[in-house]
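Below is model01.pdb, which holds PDB, C-alpha atoms.
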```
ATOM      1  CA  MET A   1     -19.636 -32.449  24.109
ATOM      2  CA  SER A   2     -16.206 -31.727  22.691
ATOM      3  CA  ASP A   3     -12.972 -32.198  24.594
ATOM      4  CA  ILE A   4     -11.359 -29.206  26.191
ATOM      5  CA  TYR A   5      -7.619 -28.891  25.709
ATOM      6  CA  THR A   6      -5.025 -26.798  27.424
ATOM      7  CA  PHE A   7      -1.958 -26.012  25.323
ATOM      8  CA  LYS A   8       1.343 -24.961  26.776
ATOM      9  CA  ARG A   9       2.344 -21.382  26.313
ATOM     10  CA  ILE A  10       4.742 -21.032  23.370
ATOM     11  CA  THR A  11       8.092 -19.863  24.666
ATOM     12  CA  SER A  12      10.449 -20.589  21.771
ATOM     13  CA  LEU A  13      10.525 -18.273  18.799
ATOM     14  CA  GLU A  14      10.776 -21.179  16.352
ATOM     15  CA  LYS A  15       7.336 -22.425  17.317
ATOM     16  CA  LEU A  16       5.680 -19.033  16.901
ATOM     17  CA  TYR A  17       4.235 -18.607  13.442
ATOM     18  CA  ARG A  18       5.423 -15.690  11.383
ATOM     19  CA  LYS A  19       3.502 -14.259   8.457
ATOM     20  CA  GLU A  20       4.855 -12.227   5.594
ATOM     21  CA  ILE A  21       2.177 -10.028   4.121
ATOM     22  CA  GLU A  22       2.484  -7.788   1.114
ATOM     23  CA  MET A  23       0.050  -4.927   1.102
ATOM     24  CA  GLU A  24      -2.025  -4.900  -2.056
ATOM     25  CA  ILE A  25      -1.055  -1.496  -3.370
ATOM     26  CA  ASN A  26      -0.919  -1.070  -7.104
ATOM     27  CA  ALA A  27       0.781   2.302  -7.446
ATOM     28  CA  TYR A  28       0.338   5.914  -6.455
ATOM     29  CA  HIS A  29      -0.150   8.396  -9.303
ATOM     30  CA  TYR A  30       0.777  11.944  -8.431
ATOM     31  CA  THR A  31      -0.125  14.939 -10.543
ATOM     32  CA  ALA A  32       1.718  18.221 -10.305
ATOM     33  CA  GLY A  33      -1.263  20.570 -10.206
ATOM     34  CA  PRO A  34      -2.224  23.257 -12.733
ATOM     35  CA  LEU A  35       0.998  25.265 -12.775
ATOM     36  CA  GLY A  36       3.333  22.358 -12.017
ATOM     37  CA  THR A  37       1.971  20.467 -15.008
ATOM     38  CA  LYS A  38       2.681  23.449 -17.283
ATOM     39  CA  TRP A  39       6.206  23.610 -15.860
ATOM     40  CA  LEU A  40       6.817  19.886 -16.432
ATOM     41  CA  GLU A  41       5.504  20.259 -19.990
ATOM     42  CA  SER A  42       8.069  23.000 -20.583
ATOM     43  CA  LEU A  43      10.771  20.720 -19.140
ATOM     44  CA  ARG A  44       9.656  18.036 -21.584
ATOM     45  CA  GLU A  45      10.246  20.550 -24.378
ATOM     46  CA  GLY A  46      13.715  21.187 -22.961
ATOM     47  CA  VAL A  47      13.127  24.639 -21.498
ATOM     48  CA  LEU A  48      13.586  25.626 -17.871
ATOM     49  CA  LYS A  49      10.973  28.131 -16.759
ATOM     50  CA  ALA A  50       9.941  29.830 -13.535
ATOM     51  CA  ALA A  51       6.620  31.053 -12.161
ATOM     52  CA  LYS A  52       5.671  34.713 -12.011
ATOM     53  CA  CYS A  53       3.382  36.189  -9.383
ATOM     54  CA  SER A  54       0.489  38.097 -10.963
ATOM     55  CA  ARG A  55       0.395  40.687  -8.145
ATOM     56  CA  CYS A  56       3.926  41.489  -6.984
ATOM     57  CA  GLY A  57       5.697  40.291 -10.123
ATOM     58  CA  ILE A  58       8.302  38.191  -8.324
ATOM     59  CA  ILE A  59       9.748  35.297 -10.343
ATOM     60  CA  PHE A  60      10.225  32.100  -8.359
ATOM     61  CA  ILE A  61      11.253  28.495  -8.781
ATOM     62  CA  PRO A  62      10.047  25.751  -8.223
ATOM     63  CA  PRO A  63       6.640  26.964  -9.468
ATOM     64  CA  LYS A  64       3.733  26.999  -7.081
ATOM     65  CA  ILE A  65       0.266  28.459  -7.508
ATOM     66  CA  TYR A  66       0.822  30.711  -4.505
ATOM     67  CA  CYS A  67       3.454  33.391  -4.399
ATOM     68  CA  PRO A  68       5.906  32.677  -1.559
ATOM     69  CA  LYS A  69       6.196  36.417  -0.806
ATOM     70  CA  CYS A  70       2.687  37.893  -1.035
ATOM     71  CA  PHE A  71       0.556  34.686  -1.010
ATOM     72  CA  SER A  72      -1.466  35.751  -4.034
ATOM     73  CA  GLU A  73      -2.020  33.487  -6.996
ATOM     74  CA  ALA A  74       0.502  32.842  -9.731
ATOM     75  CA  HIS A  75      -0.820  31.686 -13.104
ATOM     76  CA  ASP A  76       2.029  32.162 -15.545
ATOM     77  CA  LEU A  77       5.433  30.803 -16.356
ATOM     78  CA  VAL A  78       8.195  32.949 -17.753
ATOM     79  CA  ASP A  79      11.466  32.066 -19.464
ATOM     80  CA  ILE A  80      14.558  32.470 -17.320
ATOM     81  CA  ASN A  81      18.249  32.360 -18.009
ATOM     82  CA  SER A  82      18.933  28.727 -17.224
ATOM     83  CA  GLU A  83      22.539  29.457 -16.261
ATOM     84  CA  GLY A  84      22.613  29.356 -12.480
ATOM     85  CA  TYR A  85      25.176  29.168  -9.742
ATOM     86  CA  ILE A  86      25.810  26.810  -6.842
ATOM     87  CA  GLU A  87      24.587  28.296  -3.594
ATOM     88  CA  SER A  88      25.307  25.250  -1.454
ATOM     89  CA  TYR A  89      26.217  21.620  -1.980
ATOM     90  CA  THR A  90      26.633  18.279  -0.290
ATOM     91  CA  ILE A  91      28.673  15.221  -1.228
ATOM     92  CA  ILE A  92      27.032  11.823  -0.904
ATOM     93  CA  TYR A  93      29.172   8.744  -0.330
ATOM     94  CA  LYS A  94      26.503   6.172   0.486
ATOM     95  CA  ASP A  95      23.262   5.128  -1.190
ATOM     96  CA  ASN A  96      19.814   4.787   0.373
ATOM     97  CA  HIS A  97      20.659   1.377   1.816
ATOM     98  CA  GLY A  98      23.890   2.576   3.425
ATOM     99  CA  ARG A  99      26.152   0.893   0.861
ATOM    100  CA  ARG A 100      29.206   2.812  -0.265
ATOM    101  CA  LEU A 101      28.858   4.331  -3.730
ATOM    102  CA  GLU A 102      31.576   3.633  -6.301
ATOM    103  CA  LYS A 103      31.725   7.297  -7.142
ATOM    104  CA  PRO A 104      30.541   9.989  -4.736
ATOM    105  CA  GLU A 105      27.660  12.120  -5.960
ATOM    106  CA  VAL A 106      27.292  15.847  -5.583
ATOM    107  CA  ILE A 107      23.900  17.408  -4.871
ATOM    108  CA  ALA A 108      23.650  21.181  -4.978
ATOM    109  CA  LEU A 109      21.179  23.973  -4.420
ATOM    110  CA  ILE A 110      21.233  25.922  -7.644
ATOM    111  CA  ARG A 111      19.988  29.500  -7.780
ATOM    112  CA  PHE A 112      19.286  31.554 -10.865
ATOM    113  CA  PRO A 113      19.960  35.308 -11.142
ATOM    114  CA  GLY A 114      16.809  37.334 -10.527
ATOM    115  CA  VAL A 115      14.802  34.293  -9.441
ATOM    116  CA  PHE A 116      13.578  33.675  -5.917
ATOM    117  CA  GLY A 117      14.151  30.126  -4.661
ATOM    118  CA  GLY A 118      16.209  27.471  -6.360
ATOM    119  CA  LEU A 119      16.448  23.894  -7.492
ATOM    120  CA  ILE A 120      18.140  20.999  -5.756
ATOM    121  CA  HIS A 121      19.725  18.713  -8.313
ATOM    122  CA  ARG A 122      22.699  16.528  -9.148
ATOM    123  CA  VAL A 123      25.838  18.254 -10.350
ATOM    124  CA  SER A 124      28.562  16.599 -12.424
ATOM    125  CA  ILE A 125      31.559  18.280 -10.844
ATOM    126  CA  ASP A 126      34.286  16.382  -8.975
ATOM    127  CA  PRO A 127      33.947  16.545  -5.172
ATOM    128  CA  GLU A 128      37.501  17.963  -5.012
ATOM    129  CA  GLU A 129      36.742  20.794  -7.401
ATOM    130  CA  ILE A 130      33.330  21.832  -6.165
ATOM    131  CA  LYS A 131      32.887  25.159  -4.434
ATOM    132  CA  MET A 132      30.174  27.718  -3.948
ATOM    133  CA  GLY A 133      29.543  30.121  -6.802
ATOM    134  CA  ILE A 134      30.443  27.858  -9.711
ATOM    135  CA  LYS A 135      28.230  28.624 -12.703
ATOM    136  CA  VAL A 136      26.203  25.686 -13.942
ATOM    137  CA  LYS A 137      23.623  24.954 -16.632
ATOM    138  CA  PRO A 138      21.160  22.097 -17.080
ATOM    139  CA  LEU A 139      21.923  19.134 -19.324
ATOM    140  CA  PHE A 140      18.658  17.753 -20.677
ATOM    141  CA  ARG A 141      18.135  14.121 -21.554
ATOM    142  CA  LYS A 142      17.411  13.152 -25.160
ATOM    143  CA  GLU A 143      14.251  11.255 -24.205
ATOM    144  CA  ARG A 144      12.077  13.354 -21.934
ATOM    145  CA  ARG A 145       8.809  12.456 -20.239
ATOM    146  CA  GLY A 146       7.935  15.562 -18.230
ATOM    147  CA  SER A 147       9.745  15.090 -14.951
ATOM    148  CA  ILE A 148      12.455  16.849 -12.958
ATOM    149  CA  THR A 149      14.768  13.996 -13.998
ATOM    150  CA  ASP A 150      14.435  15.211 -17.612
ATOM    151  CA  ILE A 151      17.367  17.350 -16.502
ATOM    152  CA  GLU A 152      19.944  14.606 -16.237
ATOM    153  CA  VAL A 153      22.472  16.684 -14.359
ATOM    154  CA  PHE A 154      23.736  20.241 -14.052
ATOM    155  CA  VAL A 155      27.114  20.764 -15.724
ATOM    156  CA  LYS A 156      29.661  23.548 -15.567
ATOM    157  CA  ALA A 157      28.650  26.413 -17.818
ATOM    158  CA  GLU A 158      31.322  27.174 -20.441
ATOM    159  CA  TYR A 159      32.631  30.646 -20.879
TER     160      TYR A 159
ATOM    161  CA  MET B 160      -8.933  30.585 -11.793
ATOM    162  CA  SER B 161     -10.493  31.246  -8.390
ATOM    163  CA  SER B 162     -11.148  27.492  -8.283
ATOM    164  CA  TYR B 163      -7.546  27.282  -7.060
ATOM    165  CA  LEU B 164      -8.689  28.723  -3.761
ATOM    166  CA  PHE B 165     -11.252  26.046  -3.127
ATOM    167  CA  GLY B 166      -9.071  22.982  -3.189
ATOM    168  CA  GLY B 167      -7.907  21.114  -6.237
ATOM    169  CA  THR B 168      -8.605  20.963  -9.944
ATOM    170  CA  PRO B 169     -11.052  18.202 -10.862
ATOM    171  CA  LEU B 170      -9.887  15.962 -13.715
ATOM    172  CA  ARG B 171     -11.966  13.655 -15.875
ATOM    173  CA  ASP B 172     -10.717  10.104 -16.475
ATOM    174  CA  GLU B 173      -9.438  10.848 -19.985
ATOM    175  CA  GLU B 174      -7.741  14.048 -18.791
ATOM    176  CA  PHE B 175      -6.085  12.114 -15.969
ATOM    177  CA  LYS B 176      -4.745   9.546 -18.445
ATOM    178  CA  LYS B 177      -3.134  12.249 -20.590
ATOM    179  CA  ILE B 178      -1.661  14.434 -17.875
ATOM    180  CA  ILE B 179       1.955  14.215 -16.714
ATOM    181  CA  LYS B 180       2.198  12.017 -13.630
ATOM    182  CA  GLU B 181       4.770  10.610 -11.320
ATOM    183  CA  VAL B 182       4.053   6.955 -10.587
ATOM    184  CA  MET B 183       5.347   5.442  -7.375
ATOM    185  CA  LYS B 184       4.911   1.781  -6.566
ATOM    186  CA  PRO B 185       5.661   1.163  -2.927
ATOM    187  CA  ARG B 186       6.734  -2.250  -1.762
ATOM    188  CA  ALA B 187       4.806  -2.521   1.471
ATOM    189  CA  ARG B 188       5.833  -5.809   3.052
ATOM    190  CA  TYR B 189       5.050  -6.703   6.608
ATOM    191  CA  ASN B 190       6.652  -9.459   8.598
ATOM    192  CA  MET B 191       4.620 -10.134  11.672
ATOM    193  CA  SER B 192       4.407 -12.662  14.448
ATOM    194  CA  ALA B 193       1.170 -14.594  14.665
ATOM    195  CA  GLY B 194       1.237 -14.493  18.471
ATOM    196  CA  GLN B 195       0.241 -17.092  21.054
ATOM    197  CA  ALA B 196      -3.303 -17.826  19.929
ATOM    198  CA  TYR B 197      -2.852 -17.741  16.165
ATOM    199  CA  SER B 198       0.268 -19.915  16.356
ATOM    200  CA  VAL B 199      -1.818 -22.696  17.917
ATOM    201  CA  PHE B 200      -4.547 -22.075  15.333
ATOM    202  CA  PHE B 201      -2.142 -22.323  12.387
ATOM    203  CA  GLU B 202      -0.435 -25.384  13.838
ATOM    204  CA  GLY B 203      -3.891 -26.953  14.092
ATOM    205  CA  LEU B 204      -4.666 -26.105  10.474
ATOM    206  CA  ARG B 205      -1.426 -27.808   9.456
ATOM    207  CA  GLN B 206      -2.718 -30.948  11.161
ATOM    208  CA  GLY B 207      -6.140 -30.570   9.553
ATOM    209  CA  LYS B 208      -7.927 -29.383  12.673
ATOM    210  CA  ILE B 209      -9.659 -26.126  13.507
ATOM    211  CA  TYR B 210      -9.106 -25.028  17.081
ATOM    212  CA  GLY B 211     -10.881 -22.259  18.920
ATOM    213  CA  THR B 212     -10.574 -20.837  22.385
ATOM    214  CA  TYR B 213     -13.324 -21.533  24.900
ATOM    215  CA  CYS B 214     -14.587 -19.191  27.599
ATOM    216  CA  GLU B 215     -15.595 -21.114  30.724
ATOM    217  CA  ASN B 216     -17.551 -18.145  32.019
ATOM    218  CA  CYS B 217     -19.956 -17.509  29.144
ATOM    219  CA  GLY B 218     -19.465 -20.689  27.138
ATOM    220  CA  MET B 219     -18.558 -18.842  23.950
ATOM    221  CA  VAL B 220     -16.155 -20.414  21.458
ATOM    222  CA  PHE B 221     -13.878 -18.159  19.428
ATOM    223  CA  VAL B 222     -12.730 -19.074  15.941
ATOM    224  CA  PRO B 223     -10.405 -17.382  14.944
ATOM    225  CA  PRO B 224      -9.028 -17.657  18.483
ATOM    226  CA  LYS B 225      -8.849 -14.807  20.954
ATOM    227  CA  ILE B 226      -6.870 -14.916  24.178
ATOM    228  CA  TYR B 227      -9.352 -12.633  25.924
ATOM    229  CA  CYS B 228     -13.097 -13.002  26.007
ATOM    230  CA  PRO B 229     -14.447  -9.669  24.724
ATOM    231  CA  TYR B 230     -17.720 -10.200  26.651
ATOM    232  CA  CYS B 231     -16.387 -11.258  30.079
ATOM    233  CA  PHE B 232     -12.841  -9.779  29.874
ATOM    234  CA  LYS B 233     -11.490 -13.107  31.053
ATOM    235  CA  SER B 234      -8.161 -14.510  29.945
ATOM    236  CA  LEU B 235      -8.728 -17.647  27.887
ATOM    237  CA  ASP B 236      -6.436 -20.670  27.875
ATOM    238  CA  LYS B 237      -8.867 -23.513  27.201
ATOM    239  CA  TRP B 238      -9.099 -24.785  23.652
ATOM    240  CA  ILE B 239     -11.771 -26.730  21.856
ATOM    241  CA  GLU B 240     -11.774 -28.523  18.535
ATOM    242  CA  VAL B 241     -14.329 -27.188  16.106
ATOM    243  CA  LYS B 242     -15.685 -29.211  13.187
ATOM    244  CA  ASP B 243     -14.688 -28.328   9.645
ATOM    245  CA  GLU B 244     -18.373 -28.295   8.737
ATOM    246  CA  GLY B 245     -20.855 -25.536   9.129
ATOM    247  CA  LYS B 246     -23.473 -23.305   7.629
ATOM    248  CA  ILE B 247     -23.223 -20.267   5.355
ATOM    249  CA  VAL B 248     -24.382 -17.169   7.209
ATOM    250  CA  SER B 249     -23.632 -14.692   4.454
ATOM    251  CA  ALA B 250     -21.832 -14.604   1.126
ATOM    252  CA  VAL B 251     -20.616 -12.060  -1.390
ATOM    253  CA  VAL B 252     -19.532 -12.165  -5.031
ATOM    254  CA  SER B 253     -16.336 -10.332  -5.850
ATOM    255  CA  TYR B 254     -15.679  -9.373  -9.466
ATOM    256  CA  TYR B 255     -12.441  -7.515  -8.779
ATOM    257  CA  SER B 256      -9.200  -8.525  -7.083
ATOM    258  CA  ALA B 257      -7.842  -6.561  -4.139
ATOM    259  CA  SER B 258      -5.665  -4.518  -6.509
ATOM    260  CA  LEU B 259      -8.762  -3.620  -8.584
ATOM    261  CA  GLU B 260      -8.085  -5.857 -11.562
ATOM    262  CA  LYS B 261     -11.088  -7.511 -13.129
ATOM    263  CA  LEU B 262     -11.169 -11.211 -12.267
ATOM    264  CA  GLU B 263     -11.734 -13.750 -15.048
ATOM    265  CA  LYS B 264     -13.946 -15.839 -12.782
ATOM    266  CA  PRO B 265     -15.767 -14.034  -9.984
ATOM    267  CA  GLU B 266     -14.729 -15.160  -6.534
ATOM    268  CA  ILE B 267     -17.297 -16.022  -3.886
ATOM    269  CA  ILE B 268     -16.488 -15.371  -0.250
ATOM    270  CA  GLY B 269     -18.679 -16.578   2.569
ATOM    271  CA  ILE B 270     -19.003 -16.194   6.303
ATOM    272  CA  ILE B 271     -19.236 -19.720   7.664
ATOM    273  CA  LYS B 272     -20.643 -20.561  11.066
ATOM    274  CA  LEU B 273     -18.762 -23.646  12.232
ATOM    275  CA  ASP B 274     -20.307 -26.503  14.177
ATOM    276  CA  VAL B 275     -19.254 -27.285  17.723
ATOM    277  CA  PRO B 276     -20.726 -30.569  19.022
ATOM    278  CA  GLY B 277     -23.054 -29.999  21.938
ATOM    279  CA  LYS B 278     -23.225 -26.234  21.575
ATOM    280  CA  GLN B 279     -25.698 -23.789  20.091
ATOM    281  CA  PHE B 280     -24.902 -20.262  18.933
ATOM    282  CA  THR B 281     -26.917 -17.328  17.745
ATOM    283  CA  THR B 282     -26.581 -15.799  14.272
ATOM    284  CA  TYR B 283     -24.682 -12.867  15.783
ATOM    285  CA  ARG B 284     -22.190 -14.582  18.077
ATOM    286  CA  PHE B 285     -20.690 -17.762  16.726
ATOM    287  CA  PRO B 286     -17.332 -19.346  15.949
ATOM    288  CA  GLY B 287     -16.857 -18.693  12.289
ATOM    289  CA  ILE B 288     -14.471 -18.258   9.440
ATOM    290  CA  LEU B 289     -14.344 -16.115   6.326
ATOM    291  CA  HIS B 290     -13.343 -18.196   3.341
ATOM    292  CA  ARG B 291     -13.797 -18.889  -0.354
ATOM    293  CA  LEU B 292     -16.787 -20.980  -1.424
ATOM    294  CA  CYS B 293     -16.460 -23.431  -4.273
ATOM    295  CA  ASN B 294     -19.219 -25.070  -6.320
ATOM    296  CA  VAL B 295     -21.382 -22.001  -5.815
ATOM    297  CA  SER B 296     -22.516 -19.890  -8.767
ATOM    298  CA  PRO B 297     -22.824 -16.086  -8.505
ATOM    299  CA  GLU B 298     -26.566 -16.360  -9.248
ATOM    300  CA  GLU B 299     -27.098 -18.468  -6.142
ATOM    301  CA  VAL B 300     -25.493 -15.746  -4.054
ATOM    302  CA  ILE B 301     -27.409 -12.954  -5.764
ATOM    303  CA  ASN B 302     -30.788 -14.648  -5.218
ATOM    304  CA  GLN B 303     -29.625 -15.683  -1.711
ATOM    305  CA  SER B 304     -30.563 -19.349  -2.173
ATOM    306  CA  VAL B 305     -27.129 -20.466  -0.962
ATOM    307  CA  PHE B 306     -27.555 -18.892   2.458
ATOM    308  CA  ASP B 307     -27.974 -21.405   5.286
ATOM    309  CA  ALA B 308     -26.538 -24.187   3.085
ATOM    310  CA  ARG B 309     -24.348 -26.807   4.760
ATOM    311  CA  VAL B 310     -20.660 -26.607   3.852
ATOM    312  CA  LYS B 311     -17.548 -28.694   4.506
ATOM    313  CA  ALA B 312     -13.903 -27.685   4.225
ATOM    314  CA  ARG B 313     -11.842 -28.978   1.318
ATOM    315  CA  TRP B 314      -8.360 -29.410   2.740
ATOM    316  CA  LYS B 315      -5.099 -29.387   0.874
ATOM    317  CA  PRO B 316      -3.171 -32.690   0.933
ATOM    318  CA  PRO B 317      -1.265 -32.942   4.283
ATOM    319  CA  GLU B 318       2.184 -32.629   2.676
ATOM    320  CA  GLN B 319       1.258 -29.282   1.070
ATOM    321  CA  ARG B 320       0.010 -27.664   4.283
ATOM    322  CA  ILE B 321       2.216 -24.966   5.727
ATOM    323  CA  GLY B 322       0.173 -23.704   8.651
ATOM    324  CA  ASP B 323      -1.863 -21.020   6.957
ATOM    325  CA  ILE B 324      -5.519 -20.218   6.415
ATOM    326  CA  ASN B 325      -5.041 -21.303   2.788
ATOM    327  CA  ASP B 326      -4.403 -24.878   3.992
ATOM    328  CA  ILE B 327      -8.168 -25.014   3.573
ATOM    329  CA  GLU B 328      -8.590 -24.609  -0.174
ATOM    330  CA  CYS B 329     -12.222 -23.617   0.096
ATOM    331  CA  PHE B 330     -15.545 -24.625   1.581
ATOM    332  CA  GLU B 331     -17.745 -26.873  -0.529
ATOM    333  CA  VAL B 332     -21.503 -26.796  -0.380
ATOM    334  CA  LEU B 333     -22.863 -30.249   0.463
ATOM    335  CA  ARG B 334     -25.579 -31.093  -2.050
ATOM    336  CA  GLU B 335     -27.650 -34.234  -2.066
TER     337      GLU B 335
END
```

Written as structure tokens, that's how I'd like the structure from this file.
Amino acid sequence: MSDIYTFKRITSLEKLYRKEIEMEINAYHYTAGPLGTKWLESLREGVLKAAKCSRCGIIFIPPKIYCPKCFSEAHDLVDINSEGYIESYTIIYKDNHGRRLEKPEVIALIRFPGVFGGLIHRVSIDPEEIKMGIKVKPLFRKERRGSITDIEVFVKAEY
Amino acid sequence: MSSYLFGGTPLRDEEFKKIIKEVMKPRARYNMSAGQAYSVFFEGLRQGKIYGTYCENCGMVFVPPKIYCPYCFKSLDKWIEVKDEGKIVSAVVSYYSASLEKLEKPEIIGIIKLDVPGKQFTTYRFPGILHRLCNVSPEEVINQSVFDARVKARWKPPEQRIGDINDIECFEVLRE
């Protein structure tokens, strides 16, 4: 017969064991769906496009396979004038970890004439100068991989 | 195109490789307390002993330890030392790691029923441990000849033990 022990209840935190566990996740791979993939392919080619509803004909961005107005299907992308304007903006002073950024960043909602919806993206305009209505255009990266970050930043459109 | 309406666009493996994807690798790290029972268990492993809790009501021994008896709903505070020897109840061969990479050498994991002097347990309720098996070949697991074999723990040297289940390197099958 084995001995029976009684151990004292652990009351100090130092004596409690702590385990660090890393979950065995490799990576998540997200696809953009039928229309989103076409749109990202056009971004990779350096063209900004928008989706067109096959029933009501509305042009909208970002592309989705359902029309945001009439809920019917959208299958096609159309070229748009990539010169947009700032509808709204916000200035960011801290990063994700709460550390102060060296240079504040400006994020804006950019709308395009005749297009429903808009894109939220970085804008390279000084926080002092920024205001609603400034005309902007996308600046594409040289090396593109088919992602929204293929547009590096939106810059002021020249006149 | 009506396939849109019925949820998703199926992709073949080669299509999935080619298509544009966003890849996100999360860093999911947990930092958790082992609690009252497991802290005693890990401290025991550091000293080269396997402890289990003992229910005075039904006589059951729990390894890994529980602080409540799931059969009698009694609070347990009595501990018993379990031997580091036992018997293989079941085993499995694993050809892939947890992150789905092919392993060079297949890993063999077994459920080990541990011995407690003076006590008998059924095949369904017993103090046991899930651990790697060494000196076992995959064929022995596939033809089930290794089941019921006697095993003994191979411990790490005392200075390398940190109070973790891996302080036991593996369980070795005792062969004559």

Using the chain letters and numbers from this file, what does the PyMOL selection byres ((chain A) within 12 of (chain B)) select? Give the answer as an mmCIF file with C-alpha atoms, keeping the file's coordinate frame.
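Heads up, here's the output in result-v1.cif:
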```cif
data_model
loop_
_atom_site.group_PDB
_atom_site.id
_atom_site.type_symbol
_atom_site.label_atom_id
_atom_site.label_comp_id
_atom_site.auth_asym_id
_atom_site.auth_seq_id
_atom_site.Cartn_x
_atom_site.Cartn_y
_atom_site.Cartn_z
ATOM 1 C CA MET A 1 -19.636 -32.449 24.109
ATOM 2 C CA SER A 2 -16.206 -31.727 22.691
ATOM 3 C CA ASP A 3 -12.972 -32.198 24.594
ATOM 4 C CA ILE A 4 -11.359 -29.206 26.191
ATOM 5 C CA TYR A 5 -7.619 -28.891 25.709
ATOM 6 C CA THR A 6 -5.025 -26.798 27.424
ATOM 7 C CA PHE A 7 -1.958 -26.012 25.323
ATOM 8 C CA LYS A 8 1.343 -24.961 26.776
ATOM 9 C CA ARG A 9 2.344 -21.382 26.313
ATOM 10 C CA ILE A 10 4.742 -21.032 23.370
ATOM 11 C CA THR A 11 8.092 -19.863 24.666
ATOM 12 C CA SER A 12 10.449 -20.589 21.771
ATOM 13 C CA LEU A 13 10.525 -18.273 18.799
ATOM 14 C CA GLU A 14 10.776 -21.179 16.352
ATOM 15 C CA LYS A 15 7.336 -22.425 17.317
ATOM 16 C CA LEU A 16 5.680 -19.033 16.901
ATOM 17 C CA TYR A 17 4.235 -18.607 13.442
ATOM 18 C CA ARG A 18 5.423 -15.690 11.383
ATOM 19 C CA LYS A 19 3.502 -14.259 8.457
ATOM 20 C CA GLU A 20 4.855 -12.227 5.594
ATOM 21 C CA ILE A 21 2.177 -10.028 4.121
ATOM 22 C CA GLU A 22 2.484 -7.788 1.114
ATOM 23 C CA MET A 23 0.050 -4.927 1.102
ATOM 24 C CA GLU A 24 -2.025 -4.900 -2.056
ATOM 25 C CA ILE A 25 -1.055 -1.496 -3.370
ATOM 26 C CA ASN A 26 -0.919 -1.070 -7.104
ATOM 27 C CA ALA A 27 0.781 2.302 -7.446
ATOM 28 C CA TYR A 28 0.338 5.914 -6.455
ATOM 29 C CA HIS A 29 -0.150 8.396 -9.303
ATOM 30 C CA TYR A 30 0.777 11.944 -8.431
ATOM 31 C CA THR A 31 -0.125 14.939 -10.543
ATOM 32 C CA ALA A 32 1.718 18.221 -10.305
ATOM 33 C CA GLY A 33 -1.263 20.570 -10.206
ATOM 34 C CA PRO A 34 -2.224 23.257 -12.733
ATOM 35 C CA LEU A 35 0.998 25.265 -12.775
ATOM 36 C CA GLY A 36 3.333 22.358 -12.017
ATOM 37 C CA THR A 37 1.971 20.467 -15.008
ATOM 38 C CA LYS A 38 2.681 23.449 -17.283
ATOM 39 C CA TRP A 39 6.206 23.610 -15.860
ATOM 40 C CA LEU A 40 6.817 19.886 -16.432
ATOM 41 C CA GLU A 41 5.504 20.259 -19.990
ATOM 42 C CA SER A 42 8.069 23.000 -20.583
ATOM 43 C CA LEU A 43 10.771 20.720 -19.140
ATOM 44 C CA ARG A 44 9.656 18.036 -21.584
ATOM 45 C CA LYS A 64 3.733 26.999 -7.081
ATOM 46 C CA ILE A 65 0.266 28.459 -7.508
ATOM 47 C CA TYR A 66 0.822 30.711 -4.505
ATOM 48 C CA PHE A 71 0.556 34.686 -1.010
ATOM 49 C CA SER A 72 -1.466 35.751 -4.034
ATOM 50 C CA GLU A 73 -2.020 33.487 -6.996
ATOM 51 C CA ALA A 74 0.502 32.842 -9.731
ATOM 52 C CA HIS A 75 -0.820 31.686 -13.104
ATOM 53 C CA ASP A 76 2.029 32.162 -15.545
ATOM 54 C CA ARG A 144 12.077 13.354 -21.934
ATOM 55 C CA ARG A 145 8.809 12.456 -20.239
ATOM 56 C CA GLY A 146 7.935 15.562 -18.230
ATOM 57 C CA SER A 147 9.745 15.090 -14.951
ATOM 58 C CA ILE A 148 12.455 16.849 -12.958
ATOM 59 C CA THR A 149 14.768 13.996 -13.998
#
```

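Here CA of Lys52 in chain A is placed at a distance of 26.7 Å from CA of Lys156 in chain A.
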
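Here CA of Phe154 in chain A is placed at a distance of 13.7 Å from CA of Val47 in chain A.
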
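Proximity to Ile321 in chain B at 10 Å, evaluated using only C-alpha atoms and with sequence-adjacent residues fewer than 3 positions away removed, yields B:Phe201, B:Glu202, B:Leu204, B:Arg205, B:Gln206, B:Lys315, B:Pro317, B:Glu318, B:Ile324, B:Asn325, B:Asp326.
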
Gap from CA of Val222 in chain B to CA of Arg334 in chain B - Å, one decimal: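 Distance between the two atoms: 25.2 Å.
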
Chain and number of each residue from the PyMOL selection byres ((chain A and resi 122-124) around 8), as a PyMOL selection string: chain A and resi 105-108+120-121+125-126+152-156

Report the centre and edge lengths, in Å to one decimal, of an axis-aligned box enclosing every atom of range 260-279 of chain B listed in the file, padded by 8 Å on each side, as lines of an AutoDock Vina configuration file.
```
center_x = -16.9
center_y = -18.2
center_z = 3.4
size_x = 33.6
size_y = 40.7
size_z = 53.0
```

Hits of the PyMOL selection byres ((chain A and resi 89) around 8) in this structure, as a PyMOL selection string: chain A and resi 86-88+90-91+106-109+131-132

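For the residues B:Pro265, B:Gly207, B:Pro297, B:Gly287, ranking by smallest atom-to-atom distance to Gln319 in chain B using all atoms listed in the file places B:Gly207 first.
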
Residue neighbourhood Leu273 in chain B, 8 Å, only C-alpha atoms, exclusion window fewer than 3 positions, as a PyMOL selection string: chain B and resi 241-246+285-288
